[in-house]
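Report on the structure given below.
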There are 4 protein chains.
Amino acid sequence: MIRVGVIGYGYWGPNLVRNLVENDTTTVTVVADRRPERLRLVESRYPAIRTTTDAEELIRDPLVDAVAIATPVSSHYELALRALQAGKHVLVEKPLTHSTETSARLVDEAEARGLVLAVDHTFVYTGAVRKIHDLVRSGELGDIYYYDSVRINLGLFQHDVNVLWDLAVHDLTILDYVLPARPLAVSATGACHVPGQPENMAYLTLFFPGNLLGHVHVSWLSPVKLRQTLIGGSRKMVSYNDMDVTAPIRVYDSGLTLNADEESIHRMLVGYRTGDMWAPRVEATEALKAEVAHFADCIEHGRRPVADGQAGLRTVAMLEAATESLLSRGAPVELATAVGA
Amino acid sequence: MIRVGVIGYGYWGPNLVRNLVENDTTTVTVVADRRPERLRLVESRYPAIRTTTDAEELIRDPLVDAVAIATPVSSHYELALRALQAGKHVLVEKPLTHSTETSARLVDEAEARGLVLAVDHTFVYTGAVRKIHDLVRSGELGDIYYYDSVRINLGLFQHDVNVLWDLAVHDLTILDYVLPARPLAVSATGACHVPGQPENMAYLTLFFPGNLLGHVHVSWLSPVKLRQTLIGGSRKMVSYNDMDVTAPIRVYDSGLTLNADEESIHRMLVGYRTGDMWAPRVEATEALKAEVAHFADCIEHGRRPVADGQAGLRTVAMLEAATESLLSRGAPVELATAVGA
Amino acid sequence: MIRVGVIGYGYWGPNLVRNLVENDTTTVTVVADRRPERLRLVESRYPAIRTTTDAEELIRDPLVDAVAIATPVSSHYELALRALQAGKHVLVEKPLTHSTETSARLVDEAEARGLVLAVDHTFVYTGAVRKIHDLVRSGELGDIYYYDSVRINLGLFQHDVNVLWDLAVHDLTILDYVLPARPLAVSATGACHVPGQPENMAYLTLFFPGNLLGHVHVSWLSPVKLRQTLIGGSRKMVSYNDMDVTAPIRVYDSGLTLNADEESIHRMLVGYRTGDMWAPRVEATEALKAEVAHFADCIEHGRRPVADGQAGLRTVAMLEAATESLLSRGAPVELATAVGA
Amino acid sequence: MIRVGVIGYGYWGPNLVRNLVENDTTTVTVVADRRPERLRLVESRYPAIRTTTDAEELIRDPLVDAVAIATPVSSHYELALRALQAGKHVLVEKPLTHSTETSARLVDEAEARGLVLAVDHTFVYTGAVRKIHDLVRSGELGDIYYYDSVRINLGLFQHDVNVLWDLAVHDLTILDYVLPARPLAVSATGACHVPGQPENMAYLTLFFPGNLLGHVHVSWLSPVKLRQTLIGGSRKMVSYNDMDVTAPIRVYDSGLTLNADEESIHRMLVGYRTGDMWAPRVEATEALKAEVAHFADCIEHGRRPVADGQAGLRTVAMLEAATESLLSRGAPVELATAVGA
């Protein structure tokens, strides 16, 4: 049984605790939060779990094998570093940290000590994204031409991070997982409509080798909620609509005919689509349940998580470069080879 | 009665001729096209219309008051310039020409001679876009924060122009018409997936004064056809879906509450939308019919067209700058003040 | 504080208990269920609530002021009758009972004893249905012409009741609540596709005075899930899509122009819609929360519930008559005046 | 070359003439219409076609091999009968005639004379309906359980026929074509909301052998336009949305699991769908083009049309019986065996 200490019982912490409790190979021994009223909530729900306002004490607890961190991003680095130094496996909420420098430091620390460092990239554990991963990696789509994602809604303005770090982080973890290549450079644009606040809408282009293009559009200021991704390949294309409960994934035939004859050109002009469409069944299991099981499995068998520290570092590197580009109106920023590799 | 000569009887020419014939104050006296088989089509449909393979002869014809040009973009400048020099009013298919330099030259020529120079920015004559114009300009949306447009489908690859000049031109003519400001700079990214061909997908960000942001996403390589525009303002937001025949324009209340109290913040978090939505009726008249009537009216009463040479020039300037930015991976390109003004 | 005993802790019971516990003026003192494992669930969640396998004992408990019944429909009559005879107020899951005779008996018993008899017609407590009620009853729609409802999905086959008693019951409670008239007769058709099972799809027409027509289509055997209602009036029409989270209620102008002039007839022919559409904001509060508060209010102030025994009886009468008609291939069955009144 | 005379140049006639002219094996020699202004339209469009106000003269013309009738339904019988008696092949707009008696008379006359009698059941020549026919008849759907169709919009009120004869006729021609069985009885309900006018909304249930159920909902009084058909089988189900240009036909797996185990029952309860969905490409050729070619082929090779007089008679018999049932509030009306056979 893996004994986990959870730091932070705000929005995400309760989901983490519930899934860790329900998993057969993990148990939660202690929860830390600075706010006593949050701890009282833990106590009423889980009388057997110890609580503390002192994260440091949780980290040092010899009855804790692994630490799960669900606090604001600014505290991730300090907490994760101490937990690793205390010999604990670590699961951190995304994004891993607020900079590539600190993320790289955590990756090194975990490597040096042989500990599991996992990042809570929830989407890569959903049935839909795993299905897309299989479609891309099996070659069914052919050569990948582009990844285009829209994640917009009428959202609360975050006071500490811009919309890239709040929303685009999801898309970057997904494309990092499904695409077979690493980006070389990024160009981002955006705007802030509330004086003194971070950017509330942004567009981000990722340049990959071989003309593969990635694009993410995020906004807290849209009248409609959209969660729509398109992936184009030389043989097939995929549409992924996270808000369509009946057919979230749709696969389209024959997107492109380069040497089209007259007849098929005419058909493309008059018609809307030239081939069949297919909507595979998607597994509906809760992503966090699969993620917790995977974290436990990695600890038990010394495996590397799908969303490991390297994946966390790559995501932070893209966010950092995008924010830099955004400040210079889209001027491209190269991504370090070390990160891209 | 205004006597019009039409040059070019390919895809768009027949629509032009039909609308010019059906309008009460215009008539078509001659049609020119290099292809005899296209002219035979004219003859069978309109026995009273004279035909010629020589555009120059049409332009010199004293029985022609105005010339409508529906040829490939590369020939627009030469034909329009000669027509103006011959003292004819001119209606040119969009984009006006292939460069700001030539567009500016046409604007000057028309100004100097007191002739009408109109550009076929069809969308600005649709009921939907005129409704949006009224919503924006009446102040009903409040301060305008952004204009976001998606125009993607599985399209034929154009061999002579990139996807910006083929598809984004529509969005640029619309935003030039509805927005109350002119852009200062542009950043564009894109990719080409067929060796030797122009870019088939592109993203374009326009920077306006005061944090107003414009963005256009165009592609010939999408498995689904989308024609979707969002316009966000401080008071209301508009969604314009050109493929929704029943409710293309939707107006949403209360997009943003900056000084939200606790209760309304909670409501925004749990709900999808905080106010009413309203879908006004949109006039369904054919845009080209309204455009032809407007062209005739401008000639008769010496008025300036809604889509005049200046609008055509501004659109070409945006396309030119965007193409330049696209070649340097999104590095921003400033738009000349003269054009922006 | 109103002390409630809840009988039945299967699918619906837990929701009832939770809402009764969270309401400020009600408390749950005891829960009865024949299955000890269901009672253990109650005990772990609510240590302060007493449990019993004996419903009779719960009913006789002097610490119980009101009894909520969430058991299979076949047991509703016996349990509700005993509770009323023991002087308790009663809330019964829908449908009230399995026959008009027994429903009428409960209505009489509650009347004679001055007790509150409420039926769990959940939909009449939703924001959407209350909005429709206001639109219909305020006269905004004009004269009501029809009520048309579709409630189909791929459902589990119920072994004890046909699809009318399982699904159409929802639509009948809604139309009973919103329409200003009572039906005179019913015609129903349907089919069973599994030998030995009750009907799994059915169509039901209700005839009201003055050409108002009601229709309900229900099925457990549809590949798509639909929850769609249309209500047509002489001035406006309403569409209610329970699966559209952003705009469930849509109100359309000018459905019908009886003395249309030529111009508007042409517009109707070419267009899809002749007026504006309006989607009012709909309150998102949980229906059962409002229902429990209303039940408590009725007990405290001696008021009659919106969904009282009479409403329960009228619903059962429609279901009973529809089932009779269904057995004779749609032959119309008159509804007793007493019920319709 | 088959020489065709067309009677009636109103709404449908021009489409017929155009397709007959464009077909390689048919030609139009004469068009008849009582209204001289309609004939002038023919003359301006087709100078080579003779026109007449006298249908009788057209029928007697020895240069006419076949007669196409596109007049109001009340005149179909007389015109078709005379044409057959004059030895001409006949194509009649749907419905064939206004009664089973007259339809049967036409069928007999054509049989006796060995002439082709075709009815313009346009939908059976569309790519979508032919695809459905293949899916049903190949056994891919398994046993057919039901056919459910909705065809509603805001329509002009017809003054001479009720909504069944105007709209339901389409659905009845489709189900007559795709279903493998003939109906035994019909129950219909409906209402009229304009005094002195025919019914403007109606519901129609068809009872087939073996629990196959058909249902059609038609209305001229709906705020939204729907063209939606569902066909349920024991193995697969089909949804056909005539307004969805990208994926009109969708095929769903595993509609029904009769001996479901616990795990799949749970999946059905929590999920929306249990299998894959597949949207085959649908041929986009104009239906009337295919229909005209088929008519010519039947004449040339002595074949029986897909939509022959028998199909026309069966459709009229269903409409006649449905209208009778509608007048008695859904009381079932049996369909004559002769017709059903």
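So you can find residues: chains in the structure tokens are A, B, ... in the order shown, residues in each start at 1, and ligands are numbered from 1 in order.
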Subject >> Contact residues around B:Cys298 with only C-alpha atoms at 12 Å, ignoring same-chain residues under 3 positions, as an NGL selection string >> reply: :B and (2 or 25 or 66 or 89-91 or 114-118 or 291-295 or 301-308)
Would you mind exporting the chosen residues as a compact mmCIF listing (two decimals), in the first residue's frame, restricted to N, CA and C atoms?
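Result saved to again-v3.txt:
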```
# COMPACT_ATOMS: atom_id res chain seq x y z
N ILE B 2 -27.58 53.06 -66.90
CA ILE B 2 -26.11 52.94 -66.91
C ILE B 2 -25.72 51.72 -67.74
N THR B 25 -31.81 50.13 -63.28
CA THR B 25 -31.06 51.29 -63.75
C THR B 25 -29.75 50.93 -64.45
N ALA B 66 -19.67 52.13 -67.64
CA ALA B 66 -18.96 51.55 -66.49
C ALA B 66 -18.45 50.18 -66.86
N HIS B 89 -16.50 54.40 -65.01
CA HIS B 89 -16.59 53.96 -63.62
C HIS B 89 -16.21 52.49 -63.57
N VAL B 90 -15.69 52.05 -62.43
CA VAL B 90 -15.17 50.68 -62.37
C VAL B 90 -15.65 49.94 -61.11
N LEU B 91 -16.04 48.68 -61.35
CA LEU B 91 -16.34 47.75 -60.25
C LEU B 91 -15.40 46.56 -60.41
N GLY B 114 -12.58 61.85 -60.74
CA GLY B 114 -13.95 61.94 -60.22
C GLY B 114 -14.83 60.78 -60.64
N LEU B 115 -14.20 59.60 -60.78
CA LEU B 115 -14.95 58.41 -61.17
C LEU B 115 -15.21 57.50 -59.96
N VAL B 116 -16.24 56.70 -60.07
CA VAL B 116 -16.54 55.74 -59.00
C VAL B 116 -15.64 54.52 -59.16
N LEU B 117 -14.93 54.17 -58.09
CA LEU B 117 -14.15 52.93 -58.06
C LEU B 117 -14.69 52.08 -56.92
N ALA B 118 -15.36 51.00 -57.29
CA ALA B 118 -15.97 50.13 -56.27
C ALA B 118 -15.30 48.77 -56.30
N GLU B 291 -25.54 45.11 -53.97
CA GLU B 291 -24.28 45.73 -54.37
C GLU B 291 -24.40 46.44 -55.72
N VAL B 292 -25.05 45.77 -56.68
CA VAL B 292 -25.23 46.37 -58.00
C VAL B 292 -26.08 47.63 -57.91
N ALA B 293 -27.14 47.57 -57.11
CA ALA B 293 -28.00 48.75 -56.94
C ALA B 293 -27.20 49.90 -56.31
N HIS B 294 -26.34 49.57 -55.36
CA HIS B 294 -25.51 50.58 -54.69
C HIS B 294 -24.51 51.20 -55.67
N PHE B 295 -23.91 50.36 -56.51
CA PHE B 295 -22.94 50.84 -57.52
C PHE B 295 -23.63 51.84 -58.46
N HIS B 301 -25.58 59.50 -58.45
CA HIS B 301 -25.62 60.62 -57.52
C HIS B 301 -24.24 61.05 -57.01
N GLY B 302 -23.19 60.53 -57.67
CA GLY B 302 -21.85 60.96 -57.29
C GLY B 302 -21.47 60.61 -55.86
N ARG B 303 -21.99 59.48 -55.39
CA ARG B 303 -21.67 59.07 -54.01
C ARG B 303 -20.45 58.15 -53.99
N ARG B 304 -19.88 58.02 -52.80
CA ARG B 304 -18.74 57.14 -52.58
C ARG B 304 -19.26 55.77 -52.13
N PRO B 305 -18.84 54.68 -52.76
CA PRO B 305 -19.33 53.34 -52.37
C PRO B 305 -18.90 52.96 -50.95
N VAL B 306 -19.71 52.18 -50.31
CA VAL B 306 -19.32 51.62 -49.01
C VAL B 306 -17.98 50.89 -49.14
N ALA B 307 -17.87 50.06 -50.17
CA ALA B 307 -16.59 49.39 -50.44
C ALA B 307 -15.93 50.10 -51.61
N ASP B 308 -15.27 51.19 -51.30
CA ASP B 308 -14.64 51.99 -52.35
C ASP B 308 -13.18 51.58 -52.54
```
Original post:
Using only C-alpha atoms, which chain C residues lie at most 9 Å away from chain A, written as a VMD selection string?
Top reply: chain C and resid 224 to 225 246
Give me the residues of stretch 139-193 of chain C that have any atom at most 12 Å from an atom of stretch 322-325 of chain C; for each, the nearest atom pair and the distance in Å, rounded to one decimal. Use only C-alpha atoms, sort by chain and number, and format it as CSV.
```
residue,atom,partner,partner_atom,distance
C:Val161,CA,C:Thr323,CA,10.5
C:Asn162,CA,C:Thr323,CA,8.6
C:Val163,CA,C:Thr323,CA,10.0
C:Leu164,CA,C:Thr323,CA,7.7
C:Trp165,CA,C:Thr323,CA,9.0
C:Ala168,CA,C:Ala322,CA,10.2
C:Val169,CA,C:Ala322,CA,11.0
C:Leu172,CA,C:Ala322,CA,11.1
C:Pro183,CA,C:Ala322,CA,11.8
C:Ala185,CA,C:Ala322,CA,9.0
C:Val186,CA,C:Ala322,CA,6.0
C:Ser187,CA,C:Ser325,CA,5.6
C:Ala188,CA,C:Ser325,CA,5.3
C:Thr189,CA,C:Ser325,CA,7.1
C:Gly190,CA,C:Thr323,CA,9.3
C:Ala191,CA,C:Thr323,CA,11.5
```
Original post:
Could you pull the residues within 10 Å of C:Thr27, counting only C-alpha atoms, minus those fewer than 2 positions along the same chain, as number ranges by chain?
Top reply: C: 1-5, 17-25, 29-30, 49, 64
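The gap separating atom CA of B:Ala284 from atom CA of C:Lys236 is 21.6 Å, in Å to one decimal.
Omitting stretch 126-134 of chain D and its sequence neighbours fewer than 4 positions away, and counting only C-alpha atoms, the residues within 7 Å are Ser138, Val178, Ile249, Val282, Glu283, Ala284 and Ala287 of chain D.
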**OP:** Find the spatial neighbours of A:Gly309, counting only C-alpha atoms, within a cut-off of 8 Å - ignore same-chain residues fewer than 2 positions away - and output them as an MDAnalysis selection string.
**Re:** chainID A and resid 96 103 106:107 117:119 307 311:313
Residues near C:Trp220, anyone? I mean within 6 Å using only C-alpha atoms, not counting same-chain ones fewer than 3 positions away, as an mmCIF file with N, CA, C and O atoms, in the first residue's frame.
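Written out: part14.cif:
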```cif
data_model
loop_
_atom_site.group_PDB
_atom_site.id
_atom_site.type_symbol
_atom_site.label_atom_id
_atom_site.label_comp_id
_atom_site.auth_asym_id
_atom_site.auth_seq_id
_atom_site.Cartn_x
_atom_site.Cartn_y
_atom_site.Cartn_z
ATOM 1 N N ASN C 153 -34.585 7.633 -26.010
ATOM 2 C CA ASN C 153 -33.174 7.317 -25.821
ATOM 3 C C ASN C 153 -33.009 5.799 -25.843
ATOM 4 O O ASN C 153 -33.998 5.062 -25.965
ATOM 5 N N LEU C 154 -31.779 5.365 -25.743
ATOM 6 C CA LEU C 154 -31.519 3.937 -25.650
ATOM 7 C C LEU C 154 -31.584 3.586 -24.172
ATOM 8 O O LEU C 154 -30.640 3.856 -23.425
ATOM 9 N N GLY C 155 -32.694 3.056 -23.740
ATOM 10 C CA GLY C 155 -32.890 2.883 -22.311
ATOM 11 C C GLY C 155 -32.948 1.430 -21.906
ATOM 12 O O GLY C 155 -33.091 0.545 -22.731
ATOM 13 N N ASN C 200 -42.226 -0.867 -25.540
ATOM 14 C CA ASN C 200 -40.990 -0.086 -25.367
ATOM 15 C C ASN C 200 -40.974 1.201 -26.186
ATOM 16 O O ASN C 200 -40.032 1.964 -26.102
#
```
Original post:
In Å, how far is it from atom CA of D:Ala83 to atom CA of D:His121?
Top reply: 19.6 Å
**OP:** Please give the complete set of residues from stretch 6-243 of chain A that DSSP, run on the backbone, assigns to helix (DSSP H, G or I), formatted as number ranges by chain.
**Re:** A: 13-22, 36-45, 55-60, 73-85, 100-113, 122-125, 127-137, 163-178, 209-211
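Close contacts of D:Thr122, defined as residues with an atom at most 7 Å away when counting only C-alpha atoms, with chain neighbours fewer than 2 positions off set aside, comprise Asp120, Val124, Tyr125, Ala287 and Leu288 of chain D.
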Original post:
Between D:Asp54, D:Asn211, D:Ser234, D:Val28, which has the minimum distance to D:Gly139 (counting only C-alpha atoms)?
Top reply: D:Ser234
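Picture a line from atom CA of C:Ile7 to atom CA of C:Ala70; it runs 5.9 Å.
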Original post:
Which residue gives the smallest distance to C:Glu199 among C:Asp160, C:Gly232, C:Leu135, C:Leu179, with only C-alpha atoms counted?
Top reply: C:Asp160
